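Take a look at the structure set out below.
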Amino acid sequence: MKAFAELYERLDATHSTRDKVDAIADYLRRAEPADAAWAVYFLAGKRLKRTIPASRLRAWGSPASELPTWLFETCYATVGDLAETVALLVGNPRTDEADTGLASFIETELLPLAGATEETQQRVVLDWWRRFDSRRVFLINKMLTGGLRVGVARGLTTRALAAVSDLDTAIIAQRLMGAWQPSAERYRQLIAAEEPDEQGGRPYPFFLASPLTDQPEELGPLTDWRVEWKWDGIRAQLLRRCGQTFIWSRGEDLITDRFPELTALAESLPVDTVLDGEILAWRDDRPLPFAVLQKRIGRRKLSAKVLADAPVALLAYDLLEDAGEDLRARPFDERRARLEAIAADSPLQLSPCVKAETWADLEVLQGESRQRGVEGFILKRRDSPYRSGRRRGDWWKWKIAPLTADAVMIYAQAGHGRRASLFTDYTFALWDGDNLVPFAKAYSGLDNAEIRELDRWIRRHTRERFGPVRSVEPQQVFEIAFEGIQASTRHKSGVAVRFPRILRWRRDKRPEDADRLDTVRALIQTESS
Amino acid sequence: MSDLLEVTEHGLWAADGGYHVDPVKPVPLAVVTHAHMDHARPGSERYLAPHASLPFLRQRLGDDAVIDTLPFGEPYRLGNHQLSFHPAGHVRGSAQVRIEADGDVWVVSGDYKRAADPTARGFEVVEADVFITEATFALPIYRWPSTSEVIDELVDWWRRAADDGRAAVLFCYAFGKAQRILAELVGRAPGPVWLHGAMAALTRAYREDGVELVETNLVAEAEKGQSWAGGLILAPPSARGTTWMRRFGNATTAFASGWMRVRGRRRWRGVDRGFVLSDHADWSEILATIRETGARRVLTTHGFAEPLARYLRDDGYQAEPIELRREGGDDDGSNDDASNDDASSASES
């Protein structure tokens with residue numbers, strides 16, 4: 001535990017990627033394989049399931065710190081992070097407490113607590129809080145609530161593992177994919193020189209498109225490119241191997257059981273096939289809004305009604321493995337041709353290629369995006385291999401401009417974590433008659449200087465306080481961008497917007513210049529016509 | 001018995017003595033506790049200050065300001081008030097103000113800390129009936145590690161950067177914190193120390209006042225092509241993110257402040273390391289100080305004044321927060337480090 005806490009601290013104390021890779025590699029070289037496995041698990045961004053709800057830790061924080069509840073809560077509001085608040089209040093500066101290995105602590109002490117009674121949980125956790133130093137208390141709290149995140153890019157962990165094992169980063173990346181349980185055995189496999197028994201369910205690292213920042217004409221002749229619509233669904237790999245089907249989301253969750261329709265489809269595919277594509281809620285040859293798909297993902301049980309309300313389709317756009325052969329190094333044209341051949345013999349649906357003669361024609365076609373329920377285009381170079389991660393050059397996403405509205409800030413709330421001391425979460429409203437009706441919340445889009453300035457303004461122009469939320473004088477106007485809009489019965493404004501964010505602070509506008517709700521509602525029509 | 005001090009829009013006002021304590025606006029007579037900008041504002045007709053703060057007050061207020069000074073402990077009569085200054089340990093020359101009238105004793109703490117500081121006379125407890133205490137860090141999450149531990153970490157961080165061939169840039173407030181660190185580093189510096197221009201005059205004033213500081217050079221006077229690797233550069237927080245920083249290349253950065261106790265604050269600052277080094281009292285020091293003064297009535301100001309007063313009330317004290325509206329300040333003080341980025345008002349830490 002101590003060594004892992006030190007690693008966490010070292011990673012937290014540098015912005016240099018080289019330092020971070022060195023720190024991880026140093027740790028891995030010294031750690032027991034079982035501990036290293038857990039460290040890699042966290043470093044790779046995987047999370048433990050919650051052992052104890054945060055609300056319990058919060059309730060125990062006040063008695064454990066011997067502070068009245070209101071004062072504990074004031075501290076929490078100031079720190080903005082429960083695990084850290086407890087660590088600051090109850091943790092010892094440094095202790096000589098005998099150390100338990102990371103793996104042993106998690107497996108034999110922490111995880112078994114999930115099934116214990118609340119009394120037992122409290123007794124054990126309070127004992128940890130008393131015994132361990134602040135750093136370990138912080139990490140333990142994060143693990144308990146399932147919120148432990150080590151802020152390093154996955155690529156750095158891959159590089160560190162590659163350095164430790166003397167393997168290529170691509171092999172490590174491949175081995176890190178998918179679901180795996182941390183164990184000494186697993187870690188040894190991760191760094192083993194030779195690939196042990198191939199695990200059939202493991203997907204390939206996804207290749208991600210980069211946002212197009214230049215004019216498309218800069219990409220050269222259109223004949224070098226294939227163009228597809230950019231779908232707003234779940235990016236996924238579908239694997240058909242060894243008589244089994246696996247569906248992986250880009251977030252590397254195994255989501256096979258969420259989509260029985262696709263499992264059925266997979267059974268019609270030839271053996272050892274891996275597809276890359278987009279899962280969409282789909283009806284009558286067009287996508288349904290993302291919210292429909294989201295609703296379905298949220299359901300624990302997939303009743304017949306859920307399946308009927310939100311039917312899904314996989315639009316395949318790439319073939320990564322054909323009859324067991326890894327095609328990723330082959331040109332996209334070849335992969336696409338082989339994909340089309342497979343589709344010819346199965347009910348598999350493909351993401352169609354968009355036909356256009358010139359970039360200008362394409363731009364005209366792009367105007368249909370909203371009606372089609374897509375976000376613009378994906379451009380893929382015809383001779384591009386299937387790379388790993390986000391690499392610029394071969395795949396571009398050419399998105400349509402977002403929808404926008406000028407709205408008035410009416411509420412503000414302090415952020416969390418590093419933003420806990422500042423008002424960074426805002427609610428924006430539109431005019432409905434003479435009233436301002438809340439229509440979107442946004443957290444991002446301002447730079448640090450603007451956030452500070454706005455924070456000061458909010459403090460001086462607070463009208464009322466409702467717990468952590470303040471209502472402010474309706475004076476500041478912001479241009480809010482969003483990707484989509486839908487009618488909603490759950491929102492006072494009657495609309496729900498997707499990915500709202502602040503585009504710019506419109507200091508030049510007065511509150512009365514802000515948009516009317518009717519104007520924004522009208523967008524729903526154009527969106528779904 | 002009427003109150004010796006009351007809160008007005010100019011700050012703490014002593015009607016019977018005809019003076020203000022640390023006024024926020026120009027007044028006829030300003031009694032100031034120390035030379036930080038938010039306590040010693042220019043524009044008043046006359047100032048009364050602790051003698052030890054004079055060199056720094058002069059820099060702040062200019063040669064034309066009328067400043068009378070008193071040695072620590074020496075009584076002075078203003079109206080029917082008997083007034084004296086006592087060491088507060090916050091920065092060099094900083095004081096508490098003791099006011100006595102009709103057998104009633106009020107003490108205004110100004111800013112204070114209890115930890116030893118080689119550049120400032122240590123805090124002396126003064127018995128009081130009413131104690132007006134600062135509350136900048138008055139929450140139990142603020143517990144300071146020992147100074148020696150922090151300086152060890154700082155030197156270690158600097159040494160690692162040096163081993164790596166990089167410079168180490170430490171942001172800290174230009175008056176007080178910077179010189180405290182320079183004094184702590186005497187005999188311990190593994191490399192050269194460089195100063196940002198905003199710290200030059202104050203640092204010189206400390207040396208002329210007889211304080212031993214580690215040797216320093218000015219960044220602005222470095223030769224062209226100077227290598228910064230292995231050096232420690234002290235700069236005010238306002239220098240962060242400016243083009244001035246570019247010369248240091250891939251330097252590692254840190255911030256020395258009590259606010260660094262909270263991880264989110266450090267991350268917001270965008271520095272690699274945070275060193276918890278404050279010139280203010282932490283939670284337990286504030287509570288201990290209040291106890292030691294023997295005061296039964298406590299007025300709290302700055303930062304977490306409200307929670308501190310509430311906690312004290314629950315503990316049987318007569319306590320309430322007082323609001324001293326500071327120019328450009330905000331209403332809950334927890335963001336003082338942001339609004340005080342300006343090097344010239346470098347006080348809150």
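Within each chain, counting starts at residue 1; across the structure tokens, chains are named A, B, ... in the order shown, with ligands numbered 1 upward in that order.
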
Which chain A residues are at most 6 Å from chain B (counting only C-alpha atoms), as a CSV table (one decimal) with C-alpha atoms, in the first residue's frame?
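The resulting file, selection-v1.csv, is reproduced below:
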```
chain,number,residue,atom,x,y,z
A,13,ALA,CA,3.6,15.8,-8.4
A,14,THR,CA,4.8,16.1,-11.9
A,88,LEU,CA,-7.2,15.7,6.0
A,89,LEU,CA,-9.3,15.5,9.1
A,417,GLY,CA,-12.1,18.7,-6.7
A,418,ARG,CA,-9.8,21.3,-8.1
```

**Request:** Would you mind writing down, as JSON, numbers by chain, each residue of stretch 27-230 of chain B that DSSP on the backbone assigns to alpha helix (DSSP H)?
**Result:** {"B": [54, 55, 56, 57, 58, 59, 60, 61, 147, 148, 149, 150, 151, 152, 153, 154, 155, 156, 157, 158, 159, 160, 161, 162, 163, 177, 178, 179, 180, 181, 182, 183, 184, 200, 201, 202, 203, 204, 205, 206, 207, 208]}

Just C-alpha atoms for this one: save the residues we selected as an mmCIF file, in the first residue's frame.
```cif
data_model
loop_
_atom_site.group_PDB
_atom_site.id
_atom_site.type_symbol
_atom_site.label_atom_id
_atom_site.label_comp_id
_atom_site.auth_asym_id
_atom_site.auth_seq_id
_atom_site.Cartn_x
_atom_site.Cartn_y
_atom_site.Cartn_z
ATOM 1 C CA LEU B 54 8.853 50.753 9.322
ATOM 2 C CA PRO B 55 11.260 49.731 6.519
ATOM 3 C CA PHE B 56 8.523 47.703 4.799
ATOM 4 C CA LEU B 57 5.803 50.244 5.458
ATOM 5 C CA ARG B 58 7.973 52.906 3.829
ATOM 6 C CA GLN B 59 8.193 50.803 0.680
ATOM 7 C CA ARG B 60 4.459 50.370 0.679
ATOM 8 C CA LEU B 61 3.394 53.895 1.540
ATOM 9 C CA THR B 147 8.419 23.922 9.076
ATOM 10 C CA SER B 148 11.544 21.776 9.114
ATOM 11 C CA GLU B 149 9.644 18.926 7.458
ATOM 12 C CA VAL B 150 8.392 21.253 4.731
ATOM 13 C CA ILE B 151 11.830 22.761 4.137
ATOM 14 C CA ASP B 152 13.299 19.248 3.908
ATOM 15 C CA GLU B 153 10.731 18.376 1.239
ATOM 16 C CA LEU B 154 11.431 21.608 -0.581
ATOM 17 C CA VAL B 155 15.179 21.042 -0.643
ATOM 18 C CA ASP B 156 14.608 17.467 -1.757
ATOM 19 C CA TRP B 157 12.363 18.631 -4.603
ATOM 20 C CA TRP B 158 14.972 21.192 -5.650
ATOM 21 C CA ARG B 159 17.788 18.629 -5.489
ATOM 22 C CA ARG B 160 15.844 16.157 -7.655
ATOM 23 C CA ALA B 161 15.199 18.855 -10.237
ATOM 24 C CA ALA B 162 18.907 19.700 -10.189
ATOM 25 C CA ASP B 163 19.847 16.029 -10.676
ATOM 26 C CA LYS B 177 7.036 34.172 2.648
ATOM 27 C CA ALA B 178 9.872 34.682 0.183
ATOM 28 C CA GLN B 179 12.272 35.991 2.829
ATOM 29 C CA ARG B 180 11.224 33.353 5.352
ATOM 30 C CA ILE B 181 12.176 30.682 2.821
ATOM 31 C CA LEU B 182 15.452 32.457 1.990
ATOM 32 C CA ALA B 183 16.291 32.521 5.709
ATOM 33 C CA GLU B 184 15.397 28.841 6.168
ATOM 34 C CA ALA B 200 14.237 42.495 -4.964
ATOM 35 C CA ALA B 201 13.551 45.636 -2.922
ATOM 36 C CA LEU B 202 11.845 43.823 -0.039
ATOM 37 C CA THR B 203 14.589 41.250 0.158
ATOM 38 C CA ARG B 204 17.204 44.010 0.252
ATOM 39 C CA ALA B 205 15.239 45.687 3.043
ATOM 40 C CA TYR B 206 15.358 42.475 5.086
ATOM 41 C CA ARG B 207 19.127 42.220 4.644
ATOM 42 C CA GLU B 208 19.636 45.867 5.614
#
```

**Message:** I'd like the contact shell of A:Thr358 - 9 Å cut-off, only C-alpha atoms, skipping same-chain residues fewer than 3 positions apart - returned as a ChimeraX atom specification.
**Reply:** /A:221-223,361-363

**Message:** I want to know what sits within 8 Å of B:Phe137, based on only C-alpha atoms, with residues of the same chain fewer than 4 positions away left out; could you give that as a PyMOL selection string?
**Reply:** chain B and resi 142+258+280-283+303-304

**Message:** So that I can see what lies close to A:Asp309, please list as number ranges by chain the residues with an atom at most 9 Å from it, counting only C-alpha atoms and leaving out residues fewer than 3 positions away in the same chain.
**Reply:** A: 292, 296, 304-306

**Request:** Counting only C-alpha atoms, figure out which residue out of B:Ile233, B:Val125, B:Ala168, B:Ala220 gets nearest to B:Ala288.
**Result:** B:Val125

Env of A:Arg154: 10 Å cut, atoms = only C-alpha atoms, seq-sep filter 4 positions within chain, self excluded. Answer as a compact mmCIF listing (two decimals) with C-alpha atoms, in the first residue's frame.
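selection-v4.txt written:
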```txt
# COMPACT_ATOMS: atom_id res chain seq x y z
CA VAL A 40 -1.88 -1.55 -13.56
CA LEU A 43 -3.49 2.98 -13.88
CA ALA A 44 -5.34 1.65 -16.91
CA GLY A 45 -8.40 3.53 -15.68
CA VAL A 150 -5.02 7.77 -11.20
CA THR A 158 1.55 1.08 -21.69
CA ARG A 159 4.96 2.67 -22.16
CA ALA A 173 -1.82 -2.14 -25.53
CA LEU A 176 -4.34 -4.43 -21.69
```

**Neighbour list for stretch 74-90 of chain B as a VMD selection string, cut-off 8 Å, only C-alpha atoms, skip fewer than 2 positions in-chain** = chain B and resid 16 to 18 33 49 to 50 70 to 72 92 to 101 109 to 117 120 to 124 126 176 279 to 280

Go ahead and save the picked residues with N, CA and C atoms, as a CSV table (one decimal), in the first residue's frame.
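Resulting contents of out.csv:
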```csv
chain,number,residue,atom,x,y,z
B,16,ASP,N,-13.6,56.5,20.8
B,16,ASP,CA,-13.0,57.3,21.9
B,16,ASP,C,-11.6,57.6,21.7
B,17,GLY,N,-10.9,56.9,20.8
B,17,GLY,CA,-9.5,57.1,20.6
B,17,GLY,C,-9.3,57.9,19.3
B,18,GLY,N,-10.3,58.0,18.4
B,18,GLY,CA,-10.1,58.8,17.2
B,18,GLY,C,-9.2,58.1,16.2
B,33,THR,N,-1.2,47.1,11.6
B,33,THR,CA,-0.6,45.9,12.3
B,33,THR,C,0.7,45.5,11.5
B,49,ALA,N,2.4,52.7,13.7
B,49,ALA,CA,2.7,51.3,13.4
B,49,ALA,C,3.8,50.8,14.3
B,50,PRO,N,4.0,49.5,14.4
B,50,PRO,CA,5.1,49.0,15.1
B,50,PRO,C,6.4,49.4,14.5
B,70,LEU,N,6.1,52.8,17.2
B,70,LEU,CA,6.3,52.5,18.6
B,70,LEU,C,7.0,51.2,18.7
B,71,PRO,N,7.9,51.1,19.7
B,71,PRO,CA,8.5,49.7,19.9
B,71,PRO,C,7.5,48.8,20.5
B,72,PHE,N,7.7,47.5,20.3
B,72,PHE,CA,6.8,46.5,20.9
B,72,PHE,C,6.6,46.7,22.4
B,92,ARG,N,7.9,39.9,9.2
B,92,ARG,CA,8.8,40.8,9.9
B,92,ARG,C,8.0,42.1,10.2
B,93,GLY,N,8.1,42.5,11.5
B,93,GLY,CA,7.5,43.7,12.0
B,93,GLY,C,6.0,43.6,12.3
B,94,SER,N,5.4,42.5,12.1
B,94,SER,CA,3.9,42.4,12.3
B,94,SER,C,3.5,42.4,13.8
B,95,ALA,N,2.4,43.0,14.1
B,95,ALA,CA,2.0,43.2,15.4
B,95,ALA,C,0.5,42.9,15.7
B,96,GLN,N,0.2,42.6,16.9
B,96,GLN,CA,-1.1,42.7,17.4
B,96,GLN,C,-1.3,44.1,18.1
B,97,VAL,N,-2.5,44.5,18.2
B,97,VAL,CA,-2.7,45.8,18.8
B,97,VAL,C,-3.5,45.5,20.1
B,98,ARG,N,-3.0,46.0,21.2
B,98,ARG,CA,-3.7,45.9,22.5
B,98,ARG,C,-4.2,47.3,22.9
B,99,ILE,N,-5.5,47.3,23.2
B,99,ILE,CA,-6.2,48.5,23.5
B,99,ILE,C,-6.8,48.4,24.9
B,100,GLU,N,-6.5,49.4,25.8
B,100,GLU,CA,-7.1,49.3,27.1
B,100,GLU,C,-7.8,50.6,27.4
B,101,ALA,N,-9.0,50.5,27.9
B,101,ALA,CA,-9.8,51.7,28.4
B,101,ALA,C,-10.7,51.3,29.5
B,109,SER,N,-5.7,40.9,16.7
B,109,SER,CA,-4.6,40.0,16.4
B,109,SER,C,-3.9,40.4,15.1
B,110,GLY,N,-4.5,41.1,14.2
B,110,GLY,CA,-3.9,41.3,12.9
B,110,GLY,C,-3.8,39.9,12.3
B,111,ASP,N,-2.8,39.7,11.4
B,111,ASP,CA,-2.5,38.3,10.9
B,111,ASP,C,-1.5,37.8,11.8
B,112,TYR,N,-1.6,36.5,12.1
B,112,TYR,CA,-0.6,35.9,13.0
B,112,TYR,C,-0.3,34.4,12.8
B,113,LYS,N,0.8,34.0,13.2
B,113,LYS,CA,1.1,32.5,13.2
B,113,LYS,C,1.9,32.2,14.5
B,114,ARG,N,1.9,30.9,14.8
B,114,ARG,CA,2.5,30.4,16.1
B,114,ARG,C,3.8,29.7,15.8
B,115,ALA,N,4.0,29.3,14.5
B,115,ALA,CA,5.3,28.6,14.2
B,115,ALA,C,6.5,29.6,14.2
B,116,ALA,N,7.6,29.0,14.5
B,116,ALA,CA,8.8,29.9,14.6
B,116,ALA,C,9.2,30.3,13.2
B,117,ASP,N,9.7,31.5,13.1
B,117,ASP,CA,10.1,32.1,11.8
B,117,ASP,C,11.3,32.9,12.0
B,120,ALA,N,10.9,36.8,11.8
B,120,ALA,CA,9.9,37.6,12.5
B,120,ALA,C,9.9,37.3,14.0
B,121,ARG,N,9.7,38.2,14.9
B,121,ARG,CA,9.6,38.0,16.3
B,121,ARG,C,8.4,37.1,16.6
B,122,GLY,N,8.5,36.1,17.4
B,122,GLY,CA,7.5,35.2,17.7
B,122,GLY,C,6.3,35.8,18.3
B,123,PHE,N,5.1,35.2,18.1
B,123,PHE,CA,3.8,35.7,18.6
B,123,PHE,C,3.9,35.7,20.2
B,124,GLU,N,3.4,36.7,20.8
B,124,GLU,CA,3.3,36.7,22.2
B,124,GLU,C,1.9,36.8,22.7
B,126,VAL,N,-1.2,37.9,24.6
B,126,VAL,CA,-1.6,39.0,25.3
B,126,VAL,C,-3.0,38.7,25.9
B,176,GLY,N,7.5,38.5,3.0
B,176,GLY,CA,7.3,37.7,4.1
B,176,GLY,C,7.6,36.2,3.8
B,279,ASP,N,2.0,31.6,6.7
B,279,ASP,CA,2.3,32.7,7.7
B,279,ASP,C,1.1,33.0,8.6
B,280,HIS,N,0.1,32.1,8.5
B,280,HIS,CA,-1.1,32.3,9.3
B,280,HIS,C,-1.2,31.1,10.3
```

**Request:** Please report, as a PyMOL selection string, each residue of stretch 75-284 of chain B to which DSSP assigns strand (DSSP E or B) when run on this structure's backbone.
**Result:** chain B and resi 76-78+81-87+95-101+104-108+130-134+168-171+193-195+217-218+232-235+252-256+273-275

Selection to disk with C-alpha atoms, as a short mmCIF file (atom, residue, chain, number, x, y, z; two decimals), in the first residue's frame:
```cif
data_model
loop_
_atom_site.label_atom_id
_atom_site.label_comp_id
_atom_site.auth_asym_id
_atom_site.auth_seq_id
_atom_site.Cartn_x
_atom_site.Cartn_y
_atom_site.Cartn_z
CA TYR B 76 0.72 55.14 23.78
CA ARG B 77 -2.27 57.27 24.63
CA LEU B 78 -4.97 58.15 22.10
CA HIS B 81 -7.38 54.57 24.97
CA GLN B 82 -4.03 53.20 25.96
CA LEU B 83 -2.62 51.39 22.97
CA SER B 84 0.42 49.14 22.47
CA PHE B 85 1.86 46.77 19.83
CA HIS B 86 2.89 43.16 20.51
CA PRO B 87 4.62 40.67 18.20
CA ALA B 95 2.00 43.16 15.44
CA GLN B 96 -1.15 42.67 17.43
CA VAL B 97 -2.75 45.80 18.83
CA ARG B 98 -3.68 45.89 22.51
CA ILE B 99 -6.18 48.54 23.54
CA GLU B 100 -7.11 49.29 27.12
CA ALA B 101 -9.76 51.70 28.37
CA ASP B 104 -11.42 46.75 29.49
CA VAL B 105 -8.81 45.12 27.24
CA TRP B 106 -9.29 44.45 23.53
CA VAL B 107 -6.67 42.77 21.40
CA VAL B 108 -6.70 42.88 17.60
CA VAL B 130 -12.22 40.76 23.78
CA PHE B 131 -10.03 39.14 21.13
CA ILE B 132 -10.45 39.98 17.46
CA THR B 133 -8.85 37.09 15.62
CA GLU B 134 -8.13 36.47 11.97
CA ALA B 168 12.84 24.63 -9.92
CA VAL B 169 10.44 27.58 -9.81
CA LEU B 170 8.83 28.26 -6.47
CA PHE B 171 5.89 30.66 -6.35
CA VAL B 193 18.91 31.04 -5.84
CA TRP B 194 17.35 33.56 -8.21
CA LEU B 195 14.75 36.20 -7.50
CA ASN B 217 20.79 36.83 -7.76
CA LEU B 218 18.24 38.68 -9.80
CA LEU B 232 15.84 27.69 -7.49
CA ILE B 233 13.81 30.63 -8.73
CA LEU B 234 11.49 32.48 -6.38
CA ALA B 235 8.66 34.32 -8.09
CA THR B 252 9.30 21.98 -12.32
CA THR B 253 7.00 24.33 -10.44
CA ALA B 254 5.70 24.59 -6.90
CA PHE B 255 3.69 26.93 -4.73
CA ALA B 256 4.35 27.58 -1.04
CA ARG B 273 4.15 20.53 -6.07
CA GLY B 274 2.47 22.30 -3.20
CA PHE B 275 4.41 23.09 -0.05
#
```

**Message:** I'd like the interatomic distance between atom CA of A:Thr145 and atom CA of A:Val21, to a tenth of an Å.
**Reply:** 27.1 Å
